[in-house]
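> Below is protein39.tsv; it holds TSV, C-alpha atoms.
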chain	number	residue	atom	x	y	z
A	1	MET	CA	23.57	24.00	-35.24
A	2	LYS	CA	24.37	20.62	-36.78
A	3	ARG	CA	25.25	19.31	-33.34
A	4	TYR	CA	21.72	19.98	-32.11
A	5	LEU	CA	20.14	18.40	-35.18
A	6	ARG	CA	21.91	15.15	-34.35
A	7	PHE	CA	19.90	15.13	-31.17
A	8	VAL	CA	16.64	16.73	-32.31
A	9	ILE	CA	16.02	14.43	-35.30
A	10	PRO	CA	16.28	11.11	-33.40
A	11	ALA	CA	14.34	12.63	-30.50
A	12	GLY	CA	11.56	13.75	-32.85
A	13	LEU	CA	11.46	10.34	-34.50
A	14	LEU	CA	11.29	8.62	-31.12
A	15	VAL	CA	8.38	10.80	-30.00
A	16	VAL	CA	6.51	10.09	-33.26
A	17	ILE	CA	7.08	6.32	-32.94
A	18	LEU	CA	6.01	6.39	-29.28
A	19	ALA	CA	2.88	8.43	-30.03
A	20	GLY	CA	2.03	6.09	-32.92
A	21	LEU	CA	2.50	3.02	-30.76
A	22	LEU	CA	0.36	4.38	-27.94
A	23	PHE	CA	-2.33	5.42	-30.40
A	24	ALA	CA	-2.28	2.05	-32.17
A	25	LEU	CA	-2.30	0.14	-28.90
A	26	SER	CA	-5.00	2.29	-27.33
A	27	ASP	CA	-7.61	-0.47	-27.62
A	28	ASN	CA	-5.30	-2.96	-25.92
A	29	LEU	CA	-4.34	-0.55	-23.18
A	30	VAL	CA	-7.96	-0.53	-22.02
A	31	PHE	CA	-8.16	-2.86	-19.03
A	32	PHE	CA	-11.84	-3.79	-19.33
A	33	HIS	CA	-14.96	-3.39	-21.48
A	34	THR	CA	-18.05	-1.55	-20.29
A	35	PRO	CA	-21.58	-3.06	-20.23
A	36	GLU	CA	-22.53	-0.68	-23.04
A	37	GLU	CA	-19.73	-1.95	-25.28
A	38	VAL	CA	-20.63	-5.56	-24.56
A	39	LEU	CA	-24.32	-5.03	-25.36
A	40	ASP	CA	-23.28	-3.23	-28.54
A	41	GLY	CA	-21.59	-6.44	-29.64
A	42	ALA	CA	-17.93	-5.63	-28.93
A	43	ILE	CA	-17.32	-9.33	-28.21
A	44	ASP	CA	-19.32	-11.76	-30.37
A	45	ASP	CA	-17.31	-14.93	-29.73
A	46	PRO	CA	-18.88	-16.83	-26.77
A	47	ASN	CA	-15.51	-18.52	-26.10
A	48	GLN	CA	-13.44	-15.37	-25.90
A	49	ARG	CA	-12.38	-14.46	-22.40
A	50	PHE	CA	-12.32	-10.75	-21.61
A	51	ARG	CA	-12.77	-8.35	-18.72
A	52	LEU	CA	-15.98	-6.52	-17.94
A	53	GLY	CA	-16.02	-3.60	-15.55
A	54	GLY	CA	-18.58	-1.34	-13.90
A	55	GLN	CA	-20.44	-0.48	-10.73
A	56	VAL	CA	-22.31	-3.15	-8.79
A	57	GLU	CA	-26.00	-2.18	-9.10
A	58	ALA	CA	-27.73	-1.61	-5.75
A	59	GLY	CA	-30.18	-4.36	-4.79
A	60	SER	CA	-29.00	-6.76	-7.50
A	61	ILE	CA	-26.74	-9.02	-5.44
A	62	ALA	CA	-27.97	-12.59	-4.82
A	63	THR	CA	-26.08	-15.74	-3.88
A	64	THR	CA	-26.13	-18.74	-6.20
A	65	ALA	CA	-24.99	-22.35	-5.81
A	66	GLU	CA	-21.62	-21.52	-7.44
A	67	GLY	CA	-21.09	-18.09	-5.95
A	68	VAL	CA	-22.90	-14.86	-6.55
A	69	THR	CA	-24.91	-13.03	-9.20
A	70	PHE	CA	-25.33	-9.29	-9.66
A	71	PHE	CA	-25.70	-6.58	-12.27
A	72	VAL	CA	-22.87	-4.27	-13.29
A	73	GLY	CA	-23.64	-0.91	-14.80
A	74	ASP	CA	-21.76	1.95	-16.43
A	75	GLY	CA	-24.49	4.55	-15.96
A	76	LYS	CA	-26.01	3.62	-19.33
A	77	GLN	CA	-26.46	-0.12	-19.50
A	78	LEU	CA	-26.69	-3.05	-17.09
A	79	VAL	CA	-25.29	-6.55	-17.60
A	80	GLN	CA	-25.98	-9.54	-15.38
A	81	VAL	CA	-22.92	-11.38	-14.08
A	82	PHE	CA	-22.86	-14.94	-12.79
A	83	HIS	CA	-19.70	-15.23	-10.76
A	84	THR	CA	-18.25	-18.59	-9.75
A	85	GLY	CA	-16.32	-18.54	-6.50
A	86	ALA	CA	-16.19	-16.30	-3.48
A	87	PRO	CA	-16.43	-12.56	-4.17
A	88	GLN	CA	-13.65	-10.21	-3.03
A	89	GLU	CA	-13.68	-8.87	0.51
A	90	LEU	CA	-14.67	-5.34	-0.53
A	91	PHE	CA	-17.42	-6.56	-2.88
A	92	GLN	CA	-20.62	-4.61	-2.10
A	93	GLU	CA	-23.36	-2.53	-3.69
A	94	GLY	CA	-22.06	0.52	-5.52
A	95	ILE	CA	-18.39	-0.50	-5.66
A	96	GLY	CA	-16.48	-0.89	-8.91
A	97	VAL	CA	-15.62	-4.42	-10.03
A	98	VAL	CA	-13.73	-5.91	-12.94
A	99	VAL	CA	-14.76	-9.50	-13.68
A	100	GLU	CA	-13.07	-11.86	-16.14
A	101	GLY	CA	-14.90	-14.50	-18.12
A	102	VAL	CA	-17.11	-15.05	-21.17
A	103	TRP	CA	-20.24	-13.43	-22.61
A	104	ASP	CA	-22.94	-15.86	-23.82
A	105	GLY	CA	-25.07	-13.21	-25.53
A	106	THR	CA	-27.34	-12.52	-22.57
A	107	ALA	CA	-25.19	-12.76	-19.43
A	108	PHE	CA	-21.58	-12.69	-18.34
A	109	HIS	CA	-20.03	-15.75	-16.68
A	110	SER	CA	-16.95	-14.91	-14.61
A	111	ASP	CA	-14.53	-16.82	-12.44
A	112	THR	CA	-12.14	-14.00	-11.53
A	113	MET	CA	-13.09	-10.81	-9.73
A	114	LEU	CA	-11.09	-7.69	-8.98
A	115	VAL	CA	-12.40	-4.78	-6.95
A	116	LYS	CA	-11.77	-1.35	-8.46
A	117	HIS	CA	-11.95	1.36	-5.85
A	118	ASP	CA	-12.33	4.95	-7.01
A	119	GLU	CA	-10.00	7.92	-6.51
A	120	GLN	CA	-11.97	9.31	-3.58
A	121	TYR	CA	-10.65	9.19	-0.04
A	122	ARG	CA	-13.26	10.09	2.56
A	123	THR	CA	-13.55	9.81	6.32
A	124	GLU	CA	-16.44	7.80	7.78
A	125	ASP	CA	-18.28	10.93	8.92
A	126	GLY	CA	-17.45	12.90	5.80
A	127	VAL	CA	-19.66	13.49	2.83
A	128	TYR	CA	-19.31	10.82	0.21
A	129	GLU	CA	-19.33	12.15	-3.31
A	130	THR	CA	-20.31	9.62	-5.94
A	131	PRO	CA	-18.45	9.68	-9.26
A	132	ASP	CA	-21.41	11.05	-11.21
A	133	GLY	CA	-21.45	14.15	-9.03
A	134	ALA	CA	-24.45	13.39	-6.82
A	135	VAL	CA	-23.61	14.08	-3.19
A	136	THR	CA	-24.91	11.71	-0.53
A	137	SER	CA	-24.12	11.47	3.15
A	138	SER	CA	-22.71	8.12	4.14
B	1	MET	CA	27.61	19.58	8.41
B	2	THR	CA	24.75	20.58	6.15
B	3	ARG	CA	24.30	16.92	5.28
B	4	THR	CA	23.90	16.02	8.96
B	5	TYR	CA	21.25	18.71	9.43
B	6	LEU	CA	19.44	17.48	6.33
B	7	GLN	CA	19.46	13.93	7.64
B	8	ILE	CA	18.10	15.03	11.02
B	9	ALA	CA	15.38	17.06	9.24
B	10	ALA	CA	14.53	14.06	7.04
B	11	ILE	CA	14.16	11.71	9.99
B	12	GLY	CA	12.15	14.33	11.93
B	13	THR	CA	9.67	14.99	9.11
B	14	MET	CA	9.43	11.26	8.35
B	15	VAL	CA	8.49	10.42	11.95
B	16	THR	CA	5.96	13.30	12.04
B	17	ALA	CA	4.40	12.25	8.73
B	18	LEU	CA	4.26	8.62	9.83
B	19	ALA	CA	2.47	9.64	13.05
B	20	ALA	CA	0.01	11.78	11.06
B	21	GLY	CA	-0.64	8.93	8.64
B	22	LEU	CA	-1.46	6.59	11.49
B	23	LEU	CA	-3.54	9.08	13.50
B	24	VAL	CA	-5.90	10.57	10.89
B	25	PRO	CA	-9.28	8.85	10.43
B	26	ALA	CA	-9.32	5.75	8.23
B	27	ASP	CA	-10.74	5.81	4.70
B	28	ALA	CA	-14.46	5.00	4.67
B	29	VAL	CA	-14.21	2.21	2.06
B	30	GLN	CA	-10.73	0.77	2.55
B	31	GLY	CA	-10.27	1.15	6.30
B	32	ASP	CA	-6.73	1.01	7.68
B	33	VAL	CA	-5.34	-0.56	4.50
B	34	GLY	CA	-5.93	2.81	2.83
B	35	ARG	CA	-3.18	4.27	5.00
B	36	LEU	CA	-0.70	2.75	2.56
B	37	MET	CA	-1.56	5.80	0.45
B	38	TYR	CA	0.59	7.95	2.78
B	39	VAL	CA	3.74	6.12	1.64
B	40	HIS	CA	2.77	4.83	-1.82
B	41	VAL	CA	1.77	8.22	-3.24
B	42	PRO	CA	4.81	10.14	-1.85
B	43	GLY	CA	7.00	7.35	-3.26
B	44	ALA	CA	5.52	7.87	-6.72
B	45	TRP	CA	5.86	11.64	-6.37
B	46	LEU	CA	9.56	11.24	-5.55
B	47	ALA	CA	10.07	8.98	-8.56
B	48	TYR	CA	8.61	11.69	-10.81
B	49	LEU	CA	10.59	14.44	-9.04
B	50	SER	CA	13.86	12.49	-9.30
B	51	PHE	CA	13.48	11.84	-13.02
B	52	LEU	CA	12.46	15.46	-13.66
B	53	VAL	CA	15.64	16.57	-11.86
B	54	THR	CA	17.62	14.11	-14.04
B	55	LEU	CA	15.97	15.69	-17.10
B	56	THR	CA	16.80	19.24	-15.96
B	57	ALA	CA	20.39	18.36	-15.02
B	58	SER	CA	20.84	16.54	-18.37
B	59	VAL	CA	19.71	19.62	-20.31
B	60	ALA	CA	21.95	21.80	-18.13
B	61	PHE	CA	24.93	19.53	-18.84
B	62	LEU	CA	24.46	19.67	-22.60
B	63	PHE	CA	24.38	23.47	-22.47
B	64	THR	CA	27.19	24.10	-19.97
B	65	ARG	CA	29.36	20.95	-20.30
B	66	LYS	CA	29.97	21.11	-16.56
B	67	LEU	CA	30.34	17.64	-14.98
B	68	ARG	CA	28.61	18.95	-11.87
B	69	TRP	CA	25.30	18.59	-13.74
B	70	ASP	CA	26.11	15.02	-14.69
B	71	ARG	CA	26.70	14.19	-11.04
B	72	ILE	CA	23.27	15.60	-10.18
B	73	ALA	CA	21.65	13.68	-13.05
B	74	VAL	CA	23.06	10.30	-12.07
B	75	SER	CA	22.44	10.81	-8.36
B	76	SER	CA	18.82	11.72	-8.96
B	77	ALA	CA	18.26	8.82	-11.39
B	78	GLU	CA	19.61	6.36	-8.84
B	79	ILE	CA	17.33	7.68	-6.09
B	80	GLY	CA	14.43	7.70	-8.58
B	81	VAL	CA	14.96	4.03	-9.43
B	82	TYR	CA	14.94	3.20	-5.74
B	83	PHE	CA	11.68	5.06	-5.13
B	84	THR	CA	10.03	3.64	-8.26
B	85	GLY	CA	10.82	0.18	-6.91
B	86	LEU	CA	9.47	1.17	-3.50
B	87	THR	CA	6.25	2.52	-5.07
B	88	ILE	CA	5.72	-0.73	-7.01
B	89	ALA	CA	6.37	-2.84	-3.90
B	90	LEU	CA	4.02	-0.76	-1.72
B	91	GLY	CA	1.43	-0.76	-4.51
B	92	MET	CA	1.52	-4.54	-4.64
B	93	ILE	CA	1.03	-4.80	-0.88
B	94	TRP	CA	-1.92	-2.39	-1.22
B	95	ALA	CA	-3.40	-4.14	-4.27
B	96	LYS	CA	-3.63	-7.58	-2.70
B	97	PRO	CA	-6.24	-6.75	0.00
B	98	ILE	CA	-8.17	-4.17	-2.07
B	99	TRP	CA	-8.14	-5.35	-5.69
B	100	GLY	CA	-7.55	-9.00	-4.82
B	101	VAL	CA	-4.28	-9.52	-6.73
B	102	TRP	CA	-0.63	-8.59	-6.21
B	103	TRP	CA	-0.14	-7.66	-9.85
B	104	THR	CA	-2.20	-7.39	-13.03
B	105	TRP	CA	-1.43	-6.20	-16.55
B	106	ASP	CA	-2.98	-2.77	-16.13
B	107	ALA	CA	-1.64	0.17	-18.19
B	108	ARG	CA	-0.48	2.16	-15.13
B	109	LEU	CA	1.28	-0.85	-13.62
B	110	ILE	CA	3.00	-1.85	-16.86
B	111	LEU	CA	4.13	1.70	-17.64
B	112	THR	CA	5.52	2.16	-14.11
B	113	ALA	CA	7.48	-1.08	-14.45
B	114	VAL	CA	8.76	0.13	-17.85
B	115	MET	CA	9.87	3.40	-16.23
B	116	PHE	CA	11.73	1.40	-13.57
B	117	PHE	CA	13.61	-0.66	-16.15
B	118	VAL	CA	14.34	2.28	-18.47
B	119	TYR	CA	16.12	4.16	-15.68
B	120	LEU	CA	17.82	0.97	-14.56
B	121	GLY	CA	19.05	0.91	-18.17
B	122	TYR	CA	20.27	4.49	-17.75
B	123	LEU	CA	22.39	3.40	-14.78
B	124	ALA	CA	23.62	0.29	-16.61
B	125	LEU	CA	24.54	2.34	-19.71
B	126	ARG	CA	26.76	4.56	-17.59
B	127	LYS	CA	28.73	1.54	-16.40
B	128	THR	CA	29.72	0.72	-19.99
B	129	MET	CA	31.64	3.98	-20.44
B	130	THR	CA	34.80	5.12	-18.73
B	131	ASP	CA	35.44	8.53	-20.25
B	132	PRO	CA	33.59	11.00	-18.00
B	133	ILE	CA	32.76	13.48	-20.78
B	134	VAL	CA	31.49	10.86	-23.25
B	135	ARG	CA	29.54	9.19	-20.46
B	136	ALA	CA	28.00	12.47	-19.35
B	137	LYS	CA	27.01	13.41	-22.91
B	138	ARG	CA	25.39	10.09	-23.79
B	139	SER	CA	23.60	9.73	-20.49
B	140	ALA	CA	22.32	13.31	-20.79
B	141	VAL	CA	20.66	12.39	-24.10
B	142	PHE	CA	19.22	9.25	-22.45
B	143	GLY	CA	18.09	11.28	-19.43
B	144	ILE	CA	16.19	13.69	-21.68
B	145	LEU	CA	14.54	11.08	-23.91
B	146	ALA	CA	13.54	8.86	-20.97
B	147	ALA	CA	11.62	11.75	-19.38
B	148	VAL	CA	9.01	11.53	-22.18
B	149	GLN	CA	7.37	8.68	-20.27
B	150	ILE	CA	6.81	10.61	-17.01
B	151	PRO	CA	3.55	12.34	-18.14
B	152	ILE	CA	2.48	9.11	-19.89
B	153	VAL	CA	2.84	7.17	-16.63
B	154	HIS	CA	0.96	9.80	-14.67
B	155	PHE	CA	-1.91	10.37	-17.08
B	156	SER	CA	-2.25	6.74	-18.22
B	157	VAL	CA	-5.07	6.36	-15.68
B	158	GLU	CA	-6.96	9.25	-17.31
B	159	TRP	CA	-6.32	8.24	-20.92
B	160	TRP	CA	-7.16	4.55	-20.71
B	161	ARG	CA	-9.75	2.69	-18.68
B	162	SER	CA	-7.65	1.03	-16.01
B	163	LEU	CA	-7.97	-0.93	-12.80
B	164	HIS	CA	-5.80	1.63	-11.05
B	165	GLN	CA	-8.05	4.54	-10.05
B	166	PRO	CA	-7.54	7.95	-11.68
B	167	ALA	CA	-5.43	10.60	-9.95
B	168	THR	CA	-6.82	12.06	-6.72
B	169	ILE	CA	-4.79	15.29	-6.57
B	170	ILE	CA	-3.09	16.16	-9.91
B	171	ARG	CA	-6.14	15.62	-12.17
B	172	PRO	CA	-7.51	17.35	-15.27
B	173	ASP	CA	-10.44	18.97	-13.42
B	174	ALA	CA	-8.09	20.22	-10.66
B	175	SER	CA	-10.43	19.34	-7.79
B	176	PRO	CA	-8.79	17.02	-5.24
B	177	GLN	CA	-11.07	14.12	-4.28
B	178	ILE	CA	-9.97	13.75	-0.69
B	179	ASP	CA	-11.21	14.89	2.73
B	180	PRO	CA	-9.09	17.59	4.49
B	181	PRO	CA	-7.55	15.49	7.32
B	182	LEU	CA	-6.50	12.75	4.88
B	183	PHE	CA	-5.18	15.37	2.49
B	184	ALA	CA	-3.10	16.93	5.29
B	185	ALA	CA	-1.52	13.56	6.17
B	186	LEU	CA	-0.79	12.90	2.50
B	187	MET	CA	0.87	16.30	2.06
B	188	MET	CA	2.99	15.68	5.18
B	189	GLY	CA	4.11	12.42	3.62
B	190	VAL	CA	4.98	14.19	0.38
B	191	ALA	CA	6.91	16.87	2.29
B	192	ALA	CA	8.79	14.27	4.37
B	193	PHE	CA	9.75	12.24	1.28
B	194	THR	CA	10.91	15.43	-0.45
B	195	VAL	CA	13.18	16.36	2.48
B	196	ALA	CA	14.51	12.79	2.47
B	197	TYR	CA	15.21	13.19	-1.26
B	198	VAL	CA	17.27	16.34	-0.64
B	199	ALA	CA	19.19	14.60	2.17
B	200	LEU	CA	19.88	11.55	-0.02
B	201	MET	CA	20.91	13.76	-2.94
B	202	ALA	CA	23.42	15.64	-0.77
B	203	VAL	CA	25.13	12.37	0.16
B	204	ARG	CA	24.90	10.82	-3.32
B	205	ILE	CA	26.28	13.90	-5.13
B	206	GLU	CA	29.23	13.97	-2.73
B	207	LEU	CA	29.79	10.27	-3.48
B	208	ALA	CA	29.75	11.01	-7.23
B	209	ARG	CA	32.28	13.79	-6.69
B	210	VAL	CA	34.63	11.50	-4.74
B	211	ASP	CA	34.17	8.78	-7.37
B	212	GLU	CA	35.18	11.20	-10.08
B	213	ALA	CA	38.25	12.33	-8.14
B	214	ILE	CA	39.38	8.72	-7.69
B	215	ASP	CA	38.86	8.04	-11.41
B	216	ALA	CA	40.80	11.14	-12.32
B	217	ALA	CA	43.67	10.11	-10.04
B	218	HIS	CA	43.80	6.63	-11.56
B	219	ASN	CA	43.73	7.92	-15.09
B	220	SER	CA	46.51	10.46	-14.69
B	221	ASN	CA	50.13	9.45	-14.76
B	222	ALA	CA	51.24	12.51	-12.88
B	223	VAL	CA	53.56	12.04	-9.97
B	224	VAL	CA	51.60	12.51	-6.79
B	225	ALA	CA	52.78	13.16	-3.27
B	226	GLY	CA	53.74	9.91	-1.59
B	227	ASP	CA	54.72	8.31	-4.90
B	228	ALA	CA	58.11	7.45	-3.52
B	229	VAL	CA	56.65	5.24	-0.80
B	230	GLY	CA	54.61	3.35	-3.33
B	231	ARG	CA	51.44	4.57	-4.90
B	232	PRO	CA	49.23	1.58	-5.76
B	233	ASN	CA	49.62	1.00	-9.46
B	234	LEU	CA	46.11	0.64	-10.78
B	235	LYS	CA	46.89	1.26	-14.44
B	236	VAL	CA	45.55	-1.67	-16.39
B	237	GLU	CA	47.56	-2.89	-19.36
B	238	ILE	CA	45.70	-4.76	-22.05
B	239	HIS	CA	47.64	-7.23	-24.17
B	240	ASP	CA	46.08	-8.68	-27.24
Would you mind writing the file's structure down as structure tokens?

Amino acid sequence: MKRYLRFVIPAGLLVVILAGLLFALSDNLVFFHTPEEVLDGAIDDPNQRFRLGGQVEAGSIATTAEGVTFFVGDGKQLVQVFHTGAPQELFQEGIGVVVEGVWDGTAFHSDTMLVKHDEQYRTEDGVYETPDGAVTSS
Amino acid sequence: MTRTYLQIAAIGTMVTALAAGLLVPADAVQGDVGRLMYVHVPGAWLAYLSFLVTLTASVAFLFTRKLRWDRIAVSSAEIGVYFTGLTIALGMIWAKPIWGVWWTWDARLILTAVMFFVYLGYLALRKTMTDPIVRAKRSAVFGILAAVQIPIVHFSVEWWRSLHQPATIIRPDASPQIDPPLFAALMMGVAAFTVAYVALMAVRIELARVDEAIDAAHNSNAVVAGDAVGRPNLKVEIHD
């Protein structure tokens, strides 16, 4: 039995340490903040760079002198983004984006954009199911 | 003979799956780039499968003390490292046109890279030991502990908000988010990669067996047939 304990005790310890680390780092493992979190004051330093993610709101896209402006939403809140530079190729209404920049208290100013596509793979003539469960034909 | 049949089957299923992946309709959002899914996802599946086989073989070794299990464990880990690397490389090629970057510090990406290096460490650790029993025992413990990360890698996209999209097939709500023709092509890819895994394993396990036989021959001082005509003397003497 002792032989097994030599293995089980370190293994148990390792699992506890790993679980603790993952739990403690949970906030840092999050890749981006949501509009709701930002409006709730998650980031109050106007100089702190962070990532904001959400869906591009339909009808909110407009070009500006520096690039493009649009609203991102998480289904609860909307935040206006002023993006400097050319948007990504797949950038369009309804697609997920993660933008990196600063929050001035009223709007988000980004200079880096990533497109986040969802886990759905559909054919052109198929039925496109949106993440919130509403089914629309595309 | 069996190995030859396995290799023929692997090539056959690979070609069929490749054809299916290229012939099914393109994804509505990603277009043809989305076809990378048919190799990226099976690659990731094989990485998981390989390391789960290493886990199982490691447990089996500790219970039975049969070196056969150690050969399976190391063979599978080596193939797993290869496919983890392939998955990361294909993922990068996919990420550039869709996300806009080759690499970013996303939880799924970091954890996959960690998994790659941990199993590379498993292979490196083995090289530091010469005694087959000691090596098998220690690597079995490593092979079991390292497997803890497999579910963490897979479910990282569900547990933390990430750039990498959540799972399409193996997901908590168990409802695949993929249209039937695309799903069929993906499953053919998974099947083809699995057959290729079996074919690679057959060759790699045989290699491990031959390796072991050579080691055993070098380590024994027994007189072997042909000794009289000069057996290469590979015994290393260490002088302090």
> For chain B, work out the contacting residues on chain A at 9 Å, counting all atoms listed in the file, and write them as a ChimeraX atom specification.
/A:7,11,14-15,26-27,29-33,53,88-90,97-98,113-129,138
> Counting only C-alpha atoms, what is within 12 Å of Thr130 in chain B, bar same-chain residues fewer than 4 positions away, as a list in words?
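Near neighbours after the sequence-gap exclusion: Leu125, Arg126, Val134, Arg135, Ala136, Arg138, Asp211, Glu212, Asp215, Ala216, His218 and Asn219 of chain B.
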> As an exercise, work out the distance from CA of Val16 in chain A to CA of Phe51 in chain B in Å and give it to one decimal place.
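That distance, rounded to one decimal, is 21.5 Å.
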> Using all atoms listed in the file, which of the listed residues (B:Leu86, B:Ser220, B:Gly21, B:Lys137) sits closest to Thr64 in chain B?
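That would be B:Lys137, the residue with the smallest distance to Thr64 in chain B.
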> Can you tell me how far CA of Ala9 in chain B sits from CA of Met92 in chain B, in Å to one decimal?
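Computed distance, CA of Ala9 in chain B to CA of Met92 in chain B, equals 29.2 Å.
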> Rounded to one decimal in Å, what is the spacing between CA of Leu78 in chain A and CA of Pro35 in chain A?
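Distance reported for this atom pair: 6.0 Å.
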> I'd like the neighbourhood of Asp74 in chain A as a PyMOL selection string, where a residue qualifies if any of its atoms comes within 7 Å (using only C-alpha atoms), though same-chain residues fewer than 5 positions away should be ignored.
chain A and resi 34-35+54-55
> Please provide as a short mmCIF file (atom, residue, chain, number, x, y, z; two decimals) with C-alpha atoms, in the frame of the given file all residues within 9 Å of Phe193 in chain B, with the sequence filter that same-chain residues fewer than 3 positions apart are discarded (counting all atoms listed in the file).

data_model
loop_
_atom_site.label_atom_id
_atom_site.label_comp_id
_atom_site.auth_asym_id
_atom_site.auth_seq_id
_atom_site.Cartn_x
_atom_site.Cartn_y
_atom_site.Cartn_z
CA ALA B 10 14.53 14.06 7.04
CA THR B 13 9.67 14.99 9.11
CA MET B 14 9.43 11.26 8.35
CA VAL B 39 3.74 6.12 1.64
CA PRO B 42 4.81 10.14 -1.85
CA GLY B 43 7.00 7.35 -3.26
CA TRP B 45 5.86 11.64 -6.37
CA LEU B 46 9.56 11.24 -5.55
CA MET B 188 2.99 15.68 5.18
CA GLY B 189 4.11 12.42 3.62
CA VAL B 190 4.98 14.19 0.38
CA ALA B 196 14.51 12.79 2.47
CA TYR B 197 15.21 13.19 -1.26
CA VAL B 198 17.27 16.34 -0.64
#
> So that I can see what lies close to Leu36 in chain B, please list as a list in words the residues with an atom at most 10 Å from it, counting all atoms listed in the file and leaving out residues fewer than 6 positions away in the same chain.
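Residues meeting the cut-off are Gly21, Leu22, Leu90, Gly91, Ile93 and Trp94 of chain B.
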> Write to file, as a PDB file, in the frame of the given file, the residues of the selection just made, with C-alpha atoms.

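Contents of out-v7.pdb, freshly written:
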ATOM      1  CA  GLY B  21      -0.640   8.930   8.640  1.00  0.00           C
ATOM      2  CA  LEU B  22      -1.460   6.590  11.490  1.00  0.00           C
ATOM      3  CA  LEU B  90       4.020  -0.760  -1.720  1.00  0.00           C
ATOM      4  CA  GLY B  91       1.430  -0.760  -4.510  1.00  0.00           C
ATOM      5  CA  ILE B  93       1.030  -4.800  -0.880  1.00  0.00           C
ATOM      6  CA  TRP B  94      -1.920  -2.390  -1.220  1.00  0.00           C
TER       7      TRP B  94
END
> Please determine an axis-aligned box that encloses all atoms of range 55-72 of chain A listed in the file, with 4 Å added on each side, and express its centre and edge lengths in Å to one decimal as lines of an AutoDock Vina configuration file.

center_x = -25.3
center_y = -11.4
center_z = -8.6
size_x = 17.7
size_y = 29.9
size_z = 17.4
> Find the residues near range 46-48 of chain A: any atom within 8 Å, counting only C-alpha atoms, skip ones fewer than 6 places away on the same chain, and give them as a compact mmCIF listing (two decimals) with C-alpha atoms, keeping the file's coordinate frame.

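Saved the output as out_17.txt:
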# COMPACT_ATOMS: atom_id res chain seq x y z
CA GLY A 101 -14.90 -14.50 -18.12
CA VAL A 102 -17.11 -15.05 -21.17
CA TRP A 103 -20.24 -13.43 -22.61
CA ASP A 104 -22.94 -15.86 -23.82
CA GLY A 105 -25.07 -13.21 -25.53
